[in-house]
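So this block is coords24.cif, mmCIF, C-alpha atoms:
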data_structure
loop_
_atom_site.label_atom_id
_atom_site.label_comp_id
_atom_site.auth_asym_id
_atom_site.auth_seq_id
_atom_site.Cartn_x
_atom_site.Cartn_y
_atom_site.Cartn_z
CA MET A 1 -7.28 -42.55 7.56
CA VAL A 2 -5.59 -44.62 4.85
CA SER A 3 -8.21 -45.35 2.23
CA LYS A 4 -8.37 -48.24 -0.22
CA SER A 5 -7.81 -45.82 -3.10
CA SER A 6 -4.63 -44.35 -1.59
CA LEU A 7 -3.18 -47.85 -1.22
CA LEU A 8 -4.01 -48.59 -4.83
CA GLU A 9 -2.58 -45.23 -5.83
CA GLU A 10 0.71 -46.18 -4.18
CA ARG A 11 0.69 -49.57 -5.91
CA ILE A 12 0.12 -48.02 -9.32
CA LEU A 13 2.86 -45.44 -8.71
CA ARG A 14 5.33 -48.08 -7.63
CA PHE A 15 4.50 -50.09 -10.74
CA LEU A 16 4.96 -47.06 -13.02
CA ARG A 17 8.32 -46.24 -11.40
CA GLU A 18 9.49 -49.83 -11.87
CA ILE A 19 8.69 -50.01 -15.56
CA ASP A 20 9.78 -46.36 -16.14
CA GLU A 21 8.43 -46.21 -19.69
CA PRO A 22 5.15 -45.18 -21.37
CA ILE A 23 2.38 -47.74 -21.04
CA ILE A 24 -1.22 -48.09 -22.28
CA GLN A 25 -3.81 -47.57 -19.55
CA PRO A 26 -5.66 -50.92 -19.92
CA GLU A 27 -2.31 -52.70 -19.70
CA ILE A 28 -1.81 -51.28 -16.17
CA ALA A 29 -5.20 -52.65 -15.10
CA ARG A 30 -4.39 -56.04 -16.62
CA ARG A 31 -0.89 -56.34 -15.12
CA LEU A 32 -1.98 -55.24 -11.64
CA ASN A 33 -5.19 -57.22 -11.82
CA VAL A 34 -7.43 -54.30 -10.81
CA SER A 35 -10.54 -52.87 -12.47
CA SER A 36 -9.96 -50.43 -15.33
CA ARG A 37 -12.45 -48.09 -13.66
CA ASP A 38 -10.24 -47.79 -10.55
CA VAL A 39 -7.10 -47.37 -12.67
CA SER A 40 -8.72 -44.65 -14.75
CA ARG A 41 -9.87 -42.76 -11.68
CA ILE A 42 -6.48 -42.94 -9.95
CA LEU A 43 -4.53 -42.00 -13.08
CA ALA A 44 -6.68 -38.90 -13.48
CA LYS A 45 -5.81 -38.00 -9.89
CA LEU A 46 -2.09 -38.59 -10.48
CA GLU A 47 -2.16 -36.49 -13.63
CA LYS A 48 -3.73 -33.64 -11.68
CA LYS A 49 -0.92 -33.92 -9.13
CA GLY A 50 1.63 -33.72 -11.94
CA VAL A 51 3.13 -37.15 -11.24
CA ILE A 52 2.26 -38.60 -14.65
CA LYS A 53 1.25 -37.33 -18.08
CA ARG A 54 -1.47 -38.93 -20.25
CA GLU A 55 -1.95 -38.77 -23.98
CA LYS A 56 -5.11 -39.77 -25.85
CA VAL A 57 -4.55 -42.71 -28.23
CA ILE A 58 -6.82 -45.02 -30.24
CA MET A 59 -6.31 -48.77 -29.73
CA LYS A 60 -8.37 -51.28 -31.71
CA GLY A 61 -10.84 -48.52 -32.54
CA ARG A 62 -11.33 -47.57 -28.89
CA ARG A 63 -10.16 -44.41 -27.22
CA THR A 64 -7.74 -44.83 -24.33
CA PHE A 65 -4.70 -43.19 -22.78
CA LYS A 66 -0.96 -43.72 -22.98
CA VAL A 67 0.59 -43.05 -19.57
CA PHE A 68 3.99 -41.37 -19.18
CA PRO A 69 5.57 -41.50 -15.72
CA LEU A 70 7.42 -38.23 -15.07
CA ARG A 71 10.96 -38.13 -13.74
CA GLU A 72 11.99 -36.95 -10.29
CA ALA A 73 12.86 -33.33 -9.80
CA GLU A 74 16.35 -31.90 -9.38
CA PRO A 75 17.77 -31.53 -5.85
CA LEU A 76 15.78 -29.04 -3.86
CA ASP A 77 18.66 -27.46 -1.96
CA ALA A 78 19.06 -24.47 -4.22
CA LEU A 79 15.32 -23.83 -4.46
CA LEU A 80 14.74 -24.06 -0.72
CA GLU A 81 17.36 -21.37 -0.07
CA CYS A 82 14.81 -18.73 -1.06
CA PRO A 83 13.31 -17.44 2.23
CA CYS A 84 9.81 -17.41 0.69
CA PHE A 85 9.65 -21.23 0.84
CA SER A 86 9.66 -21.33 4.61
CA CYS A 87 7.86 -18.01 5.09
CA PRO A 88 4.67 -18.40 7.17
CA TYR A 89 3.11 -15.42 5.35
CA LEU A 90 3.66 -16.72 1.81
CA GLU A 91 -0.04 -17.32 1.16
CA MET A 92 -0.90 -13.78 2.26
CA CYS A 93 2.03 -12.17 0.43
CA GLY A 94 1.24 -9.94 -2.53
CA GLU A 95 1.40 -6.48 -4.01
CA LYS A 96 0.04 -3.76 -1.71
CA GLN A 97 -0.73 -6.34 0.99
CA GLU A 98 0.51 -6.27 4.55
CA HIS A 99 3.28 -8.63 3.44
CA ASP A 100 4.56 -7.20 0.18
CA PRO A 101 7.36 -8.87 -1.85
CA SER A 102 8.53 -5.42 -3.04
CA THR A 103 9.44 -4.31 0.46
CA CYS A 104 10.13 -7.64 2.17
CA ARG A 105 13.38 -7.26 4.12
CA LYS A 106 14.21 -10.98 4.17
CA LEU A 107 13.74 -11.31 0.42
CA THR A 108 15.85 -8.21 -0.23
CA GLU A 109 18.66 -9.51 1.99
CA TRP A 110 18.63 -12.86 0.24
CA LEU A 111 18.62 -11.25 -3.23
CA LEU A 112 21.52 -9.01 -2.23
CA SER A 113 23.44 -12.04 -0.98
CA LEU A 114 22.83 -13.65 -4.38
CA THR A 115 24.21 -10.62 -6.20
CA THR A 116 27.37 -10.64 -4.07
CA LYS A 117 27.71 -14.38 -4.76
CA THR A 118 27.55 -13.82 -8.52
CA ALA A 119 29.92 -10.86 -8.26
CA THR A 120 32.65 -12.90 -6.50
CA MET D 1 20.49 -36.65 -4.34
CA SER D 2 17.85 -39.18 -3.43
CA GLU D 3 14.11 -38.68 -3.34
CA TYR D 4 14.32 -39.50 0.37
CA SER D 5 16.57 -36.58 1.29
CA ASN D 6 14.60 -34.24 -0.98
CA ILE D 7 11.43 -35.05 0.92
CA THR D 8 12.95 -34.58 4.38
CA LYS D 9 14.48 -31.29 3.27
CA ALA D 10 11.14 -30.07 1.95
CA VAL D 11 9.38 -31.07 5.18
CA LYS D 12 12.08 -29.36 7.24
CA CYS D 13 11.58 -26.18 5.27
CA LEU D 14 7.78 -26.26 5.52
CA PHE D 15 7.15 -27.71 8.99
CA GLY D 16 10.43 -27.49 10.92
CA ASP D 17 13.09 -29.80 12.36
CA ILE D 18 10.83 -32.05 14.45
CA ALA D 19 8.55 -32.77 11.49
CA ALA D 20 11.58 -33.58 9.33
CA LYS D 21 12.87 -36.00 11.97
CA ILE D 22 9.44 -37.70 12.15
CA VAL D 23 9.31 -38.11 8.38
CA GLU D 24 12.87 -39.47 8.41
CA VAL D 25 11.95 -42.06 11.06
CA LEU D 26 8.77 -43.06 9.21
CA MET D 27 10.56 -43.38 5.89
CA LYS D 28 13.36 -45.46 7.42
CA ALA D 29 10.76 -47.76 8.96
CA GLU D 30 9.12 -48.19 5.51
CA GLY D 31 5.73 -48.71 7.11
CA GLU D 32 3.47 -47.53 9.86
CA LEU D 33 4.53 -46.48 13.35
CA SER D 34 2.67 -45.30 16.43
CA ASP D 35 3.42 -41.84 17.84
CA GLU D 36 5.18 -43.41 20.83
CA GLU D 37 7.40 -45.52 18.61
CA ILE D 38 8.27 -42.46 16.49
CA ALA D 39 9.24 -40.52 19.62
CA LYS D 40 11.39 -43.42 20.86
CA ARG D 41 13.17 -43.99 17.55
CA GLY D 42 13.70 -40.32 16.85
CA GLY D 43 14.70 -39.37 20.40
CA LEU D 44 11.90 -36.79 20.53
CA ARG D 45 9.34 -35.73 23.13
CA ILE D 46 5.95 -37.36 22.62
CA ASN D 47 4.07 -34.01 22.87
CA ASP D 48 6.30 -32.49 20.16
CA VAL D 49 5.76 -35.55 17.98
CA ARG D 50 1.97 -35.35 18.34
CA ARG D 51 1.88 -31.62 17.65
CA ALA D 52 3.98 -32.00 14.52
CA LEU D 53 1.95 -35.00 13.35
CA TYR D 54 -1.34 -33.09 13.67
CA GLU D 55 0.08 -30.15 11.76
CA MET D 56 1.36 -32.38 8.98
CA HIS D 57 -1.91 -34.33 8.92
CA ALA D 58 -3.81 -31.09 8.31
CA ASN D 59 -1.66 -30.65 5.20
CA HIS D 60 -2.02 -34.31 4.10
CA VAL D 61 1.69 -34.98 4.58
CA VAL D 62 1.01 -37.91 6.92
CA SER D 63 -2.05 -40.08 7.43
CA TYR D 64 -3.08 -42.57 10.09
CA ARG D 65 -4.85 -45.87 10.57
CA ARG D 66 -6.69 -46.51 13.81
CA VAL D 67 -6.44 -50.00 15.33
CA ARG D 68 -7.44 -51.40 18.68
CA SER D 69 -4.54 -52.57 20.85
CA GLU D 70 -4.79 -56.27 21.69
CA ASN D 71 -3.44 -55.81 25.22
CA SER D 72 -5.03 -52.63 26.48
CA HIS D 73 -8.00 -52.48 24.04
CA TRP D 74 -7.21 -48.80 23.53
CA PHE D 75 -7.09 -47.25 20.12
CA VAL D 76 -3.60 -46.97 18.64
CA TYR D 77 -2.93 -44.59 15.75
CA LEU D 78 -0.43 -45.86 13.20
CA TRP D 79 1.12 -43.10 11.12
CA ARG D 80 2.60 -43.18 7.62
CA VAL D 81 4.06 -40.64 5.18
CA ASN D 82 2.23 -39.63 1.99
CA THR D 83 5.27 -38.97 -0.17
CA GLU D 84 3.20 -38.04 -3.23
CA ASP D 85 1.21 -35.47 -1.27
CA ILE D 86 4.43 -33.86 -0.03
CA LYS D 87 5.49 -33.40 -3.64
CA TYR D 88 2.08 -31.95 -4.47
CA LEU D 89 2.36 -29.54 -1.54
CA LEU D 90 5.82 -28.52 -2.66
CA GLN D 91 4.60 -27.90 -6.20
CA LYS D 92 1.88 -25.66 -4.81
CA ARG D 93 4.45 -23.81 -2.71
CA LYS D 94 6.75 -23.38 -5.69
CA ARG D 95 3.91 -21.77 -7.67
CA LEU D 96 3.27 -19.32 -4.84
CA VAL D 97 6.99 -18.44 -4.56
CA LEU D 98 7.11 -17.96 -8.31
CA LYS D 99 4.21 -15.49 -8.14
CA VAL D 100 5.92 -13.54 -5.37
CA LEU D 101 9.26 -13.41 -7.17
CA LYS D 102 7.60 -12.25 -10.40
CA GLN D 103 5.89 -9.43 -8.52
CA ARG D 104 9.25 -8.43 -7.06
CA LEU D 105 10.84 -8.52 -10.50
CA GLU D 106 8.18 -6.18 -11.87
CA TYR D 107 8.77 -3.81 -8.96
CA GLU D 108 12.53 -3.82 -9.55
CA LYS D 109 12.09 -3.19 -13.26
CA ASN D 110 9.52 -0.43 -12.92
CA ASN D 111 11.30 1.66 -10.29
CA ILE D 112 14.49 3.66 -9.91
CA PHE D 113 16.17 3.33 -6.53
CA PHE D 114 18.38 5.64 -4.52
CA LYS D 115 20.78 4.81 -1.74
CA CYS D 116 23.12 6.77 0.51
CA ARG D 117 26.87 6.17 0.48
CA SER D 118 26.94 4.56 3.93
CA GLY D 119 25.21 1.50 2.49
CA LYS D 120 23.61 0.77 5.86
CA CYS D 121 20.35 2.69 5.41
CA PRO D 122 17.38 1.26 3.48
CA ARG D 123 17.10 2.27 -0.16
CA LEU D 124 14.41 4.67 -1.42
CA THR D 125 12.31 4.80 -4.57
CA PHE D 126 12.49 7.86 -6.85
CA ASP D 127 9.34 9.39 -5.31
CA GLU D 128 10.62 8.89 -1.77
CA ALA D 129 14.03 10.33 -2.67
CA LEU D 130 12.37 13.36 -4.28
CA GLU D 131 10.29 13.89 -1.16
CA HIS D 132 13.52 14.09 0.89
CA SER D 133 15.31 16.30 -1.68
CA PHE D 134 17.68 13.43 -2.51
CA HIS D 135 19.10 13.28 1.00
CA CYS D 136 18.94 10.15 3.16
CA PRO D 137 16.17 10.57 5.78
CA TYR D 138 18.12 8.29 8.15
CA CYS D 139 21.68 9.67 8.08
CA GLY D 140 21.32 12.89 6.08
CA GLU D 141 23.90 11.92 3.44
CA GLU D 142 23.37 12.69 -0.22
CA LEU D 143 21.57 9.96 -2.20
CA GLU D 144 22.96 8.21 -5.25
CA GLN D 145 21.13 6.19 -7.86
CA GLU D 146 21.43 2.46 -7.24
CA ASP D 147 22.21 0.01 -10.01
CA ASN D 148 19.81 -2.90 -9.49
CA SER D 149 20.69 -4.76 -12.70
CA ARG D 150 22.49 -7.53 -10.75
CA LEU D 151 19.46 -7.95 -8.52
CA ILE D 152 17.18 -8.20 -11.56
CA GLU D 153 19.55 -10.75 -13.08
CA ALA D 154 19.53 -12.84 -9.87
CA LEU D 155 15.73 -12.69 -9.73
CA GLU D 156 15.37 -13.75 -13.36
CA LYS D 157 17.73 -16.70 -12.77
CA GLU D 158 15.75 -17.81 -9.73
CA ILE D 159 12.43 -17.51 -11.57
CA GLU D 160 13.80 -19.58 -14.44
CA ARG D 161 15.05 -22.23 -12.01
CA ILE D 162 11.65 -22.55 -10.32
CA GLU D 163 9.84 -22.64 -13.66
CA LYS D 164 12.12 -25.45 -14.83
CA SER D 165 11.59 -27.44 -11.65
CA LEU D 166 7.82 -27.01 -12.02
CA GLU D 167 7.93 -28.76 -15.37
CA ARG D 168 8.96 -31.93 -13.53
CA ILE D 169 7.71 -33.45 -10.28
#
Just give me the structure as structure tokens.
Amino acid sequence: MVSKSSLLEERILRFLREIDEPIIQPEIARRLNVSSRDVSRILAKLEKKGVIKREKVIMKGRRTFKVFPLREAEPLDALLECPCFSCPYLEMCGEKQEHDPSTCRKLTEWLLSLTTKTAT
Amino acid sequence: MSEYSNITKAVKCLFGDIAAKIVEVLMKAEGELSDEEIAKRGGLRINDVRRALYEMHANHVVSYRRVRSENSHWFVYLWRVNTEDIKYLLQKRKRLVLKVLKQRLEYEKNNIFFKCRSGKCPRLTFDEALEHSFHCPYCGEELEQEDNSRLIEALEKEIERIEKSLERI
């Protein structure tokens, strides 16, 4: 179900993308007209997700955060070429496991194709 | 490359073509759609749409809101895409791939490999080659040491690329 907090999370994110520059946490609450408690909680969540970065600052003798929206990632095409991304066994893959990256045929084939690419 | 195409590509890679089509339809609509509407707009079968939606919902890629239909009084589920959660999922996936590639790199660096001249048979580690007196167990040809420096180089490049992309969203 879509919760109230996820709607607010989207609103805050949209706002941060629009301004695209560092901003003080209480300023977000003021400009969006929401409680600073909600903003603080959602920003902590977004920081955990890696969408924003926060830095501790002191404003008028009170501790608060400066919020830095992070930029979008590079195109994914090149990264997604690696067969591991779409591999259904990725979470079980590991050394001396049933699915072992050292002996994985798909990974070897892909790596060999990379070496021929760089050679040509 | 837009954020939009990045997301559909990621979904395609993780959940398949039908899921990618659903996400594309939902993102174009810029709002909520029922499963029937998604199937109609995307030209998909309703059962496939539902199956893909449930799978994506389990991974928090999509979420729904339940409303009662004014005409039939039945519940209608309106679906939407959680773009931020897709990115989070992708970050998690990247970390796992990174771990796997690092393990492979260690293996490549810590072993010497042997291969027969035919190039068609699988390669062997030093211990395996010794066990077979340096003759290919598949075709019987003599084994030669393989130079895996290019493979190590390719792996290192890939690891660096993933590490860089992890620094951002």
The PyMOL selection byres ((chain D) within 7 of (chain A)) applied to the shown file, residues as a tab-separated table (two decimals) with C-alpha atoms, in the coordinates of the input:
chain	number	residue	atom	x	y	z
D	1	MET	CA	20.49	-36.65	-4.34
D	6	ASN	CA	14.60	-34.24	-0.98
D	13	CYS	CA	11.58	-26.18	5.27
D	14	LEU	CA	7.78	-26.26	5.52
D	63	SER	CA	-2.05	-40.08	7.43
D	64	TYR	CA	-3.08	-42.57	10.09
D	65	ARG	CA	-4.85	-45.87	10.57
D	88	TYR	CA	2.08	-31.95	-4.47
D	93	ARG	CA	4.45	-23.81	-2.71
D	97	VAL	CA	6.99	-18.44	-4.56
D	100	VAL	CA	5.92	-13.54	-5.37
D	103	GLN	CA	5.89	-9.43	-8.52
D	104	ARG	CA	9.25	-8.43	-7.06
D	107	TYR	CA	8.77	-3.81	-8.96
D	150	ARG	CA	22.49	-7.53	-10.75
D	151	LEU	CA	19.46	-7.95	-8.52
D	154	ALA	CA	19.53	-12.84	-9.87
D	165	SER	CA	11.59	-27.44	-11.65
D	168	ARG	CA	8.96	-31.93	-13.53
D	169	ILE	CA	7.71	-33.45	-10.28
Counting all atoms listed in the file, what is within 10 Å of Glu32 of chain D, bar same-chain residues fewer than 4 positions away, as a ChimeraX atom specification? /D:26-27,37-38,63-65,77-81
Would you compute an axis-aligned box for segment 134-145 of chain D, covering every atom listed for it in the file with 5 Å of margin on each side, and report centre and edge lengths in Å to one decimal as JSON?
{"center_x": 20.0, "center_y": 9.8, "center_z": 0.1, "size_x": 17.7, "size_y": 17.2, "size_z": 26.0}
Evaluate the PyMOL selection byres ((chain D and resi 46-55) around 7) on the structure here and hand back the selected residues as a list in words. Ile18, Ala19, Asp35, Glu36, Ala39, Leu44, Arg45, Met56, His57, Ala58 and Asn59 of chain D
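From atom CA of Glu153 of chain D back to atom CA of Lys9 of chain D, the distance works out to 26.7 Å.
Straight-line separation from atom CA of Ala29 of chain D to atom CA of Arg41 of chain D: 9.7 Å.
Going from atom CA of Thr64 of chain A over to atom CA of Ser40 of chain A, you cover 9.6 Å.
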Point out the residue among A:Leu8, A:Leu16, A:Val67, A:Ile42 with the least atom-to-atom distance to Arg54 of chain A, counting all atoms listed in the file. A:Val67
Selection near Ser133 of chain D, 12 Å with all atoms listed in the file, sequence-local residues under 5 positions removed, as a ChimeraX atom specification: /D:114,124,126-128,140-144
The PyMOL selection byres ((chain D and resi 163) around 12) resolved against shown file, as a PyMOL selection string: (chain A and resi 73+79) or (chain D and resi 91+94-99+101-102+156-162+164-169)
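Taking all atoms listed in the file, the non-local environment of Arg123 of chain D within 8 Å (same-chain residues fewer than 5 positions away omitted) comprises Phe113, Phe114, Lys115 and Cys116 of chain D.
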Could those selected residues go to a file with C-alpha atoms, as a CSV table (one decimal), in the coordinates of the input?
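Once written, selection-v6.csv looks like this:
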chain,number,residue,atom,x,y,z
D,113,PHE,CA,16.2,3.3,-6.5
D,114,PHE,CA,18.4,5.6,-4.5
D,115,LYS,CA,20.8,4.8,-1.7
D,116,CYS,CA,23.1,6.8,0.5
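Proximity of D:Ile152, D:Leu33, D:Val76, D:Leu90 to Lys12 of chain D, computed with all atoms listed in the file, is greatest for D:Leu90.
Distances to Glu27 of chain A were evaluated for A:Arg11, A:Lys66, A:Lys45, A:Lys106 using all atoms listed in the file, and the minimum falls at A:Lys66.
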Could segment 41-55 of chain A be completed with N, CA and C atoms and returned as a PDB file, keeping the file's coordinate frame?
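Written out: result_13.pdb:
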ATOM      1  N   ARG A  41      -9.612 -43.795 -12.681  1.00  0.00           N
ATOM      2  CA  ARG A  41      -9.870 -42.760 -11.680  1.00  0.00           C
ATOM      3  C   ARG A  41      -8.566 -42.309 -11.004  1.00  0.00           C
ATOM      4  N   ILE A  42      -7.728 -43.279 -10.654  1.00  0.00           N
ATOM      5  CA  ILE A  42      -6.480 -42.940  -9.950  1.00  0.00           C
ATOM      6  C   ILE A  42      -5.488 -42.244 -10.878  1.00  0.00           C
ATOM      7  N   LEU A  43      -5.456 -42.665 -12.135  1.00  0.00           N
ATOM      8  CA  LEU A  43      -4.530 -42.000 -13.080  1.00  0.00           C
ATOM      9  C   LEU A  43      -4.923 -40.544 -13.300  1.00  0.00           C
ATOM     10  N   ALA A  44      -6.221 -40.294 -13.317  1.00  0.00           N
ATOM     11  CA  ALA A  44      -6.680 -38.900 -13.480  1.00  0.00           C
ATOM     12  C   ALA A  44      -6.207 -38.066 -12.297  1.00  0.00           C
ATOM     13  N   LYS A  45      -6.252 -38.671 -11.115  1.00  0.00           N
ATOM     14  CA  LYS A  45      -5.810 -38.000  -9.890  1.00  0.00           C
ATOM     15  C   LYS A  45      -4.303 -37.724  -9.954  1.00  0.00           C
ATOM     16  N   LEU A  46      -3.556 -38.733 -10.406  1.00  0.00           N
ATOM     17  CA  LEU A  46      -2.090 -38.590 -10.480  1.00  0.00           C
ATOM     18  C   LEU A  46      -1.688 -37.547 -11.520  1.00  0.00           C
ATOM     19  N   GLU A  47      -2.466 -37.475 -12.582  1.00  0.00           N
ATOM     20  CA  GLU A  47      -2.160 -36.490 -13.630  1.00  0.00           C
ATOM     21  C   GLU A  47      -2.377 -35.081 -13.083  1.00  0.00           C
ATOM     22  N   LYS A  48      -3.423 -34.932 -12.287  1.00  0.00           N
ATOM     23  CA  LYS A  48      -3.730 -33.640 -11.680  1.00  0.00           C
ATOM     24  C   LYS A  48      -2.608 -33.218 -10.720  1.00  0.00           C
ATOM     25  N   LYS A  49      -2.032 -34.203 -10.055  1.00  0.00           N
ATOM     26  CA  LYS A  49      -0.920 -33.920  -9.130  1.00  0.00           C
ATOM     27  C   LYS A  49       0.373 -33.645  -9.864  1.00  0.00           C
ATOM     28  N   GLY A  50       0.420 -33.965 -11.146  1.00  0.00           N
ATOM     29  CA  GLY A  50       1.630 -33.720 -11.940  1.00  0.00           C
ATOM     30  C   GLY A  50       2.650 -34.839 -11.839  1.00  0.00           C
ATOM     31  N   VAL A  51       2.207 -36.022 -11.388  1.00  0.00           N
ATOM     32  CA  VAL A  51       3.130 -37.150 -11.240  1.00  0.00           C
ATOM     33  C   VAL A  51       3.288 -37.920 -12.552  1.00  0.00           C
ATOM     34  N   ILE A  52       2.215 -37.920 -13.341  1.00  0.00           N
ATOM     35  CA  ILE A  52       2.260 -38.600 -14.650  1.00  0.00           C
ATOM     36  C   ILE A  52       1.683 -37.666 -15.714  1.00  0.00           C
ATOM     37  N   LYS A  53       1.869 -38.069 -16.971  1.00  0.00           N
ATOM     38  CA  LYS A  53       1.250 -37.330 -18.080  1.00  0.00           C
ATOM     39  C   LYS A  53       0.474 -38.361 -18.901  1.00  0.00           C
ATOM     40  N   ARG A  54      -0.708 -37.987 -19.421  1.00  0.00           N
ATOM     41  CA  ARG A  54      -1.470 -38.930 -20.250  1.00  0.00           C
ATOM     42  C   ARG A  54      -1.711 -38.345 -21.625  1.00  0.00           C
ATOM     43  N   GLU A  55      -1.691 -39.212 -22.604  1.00  0.00           N
ATOM     44  CA  GLU A  55      -1.950 -38.770 -23.980  1.00  0.00           C
ATOM     45  C   GLU A  55      -3.043 -39.632 -24.568  1.00  0.00           C
TER      46      GLU A  55
END
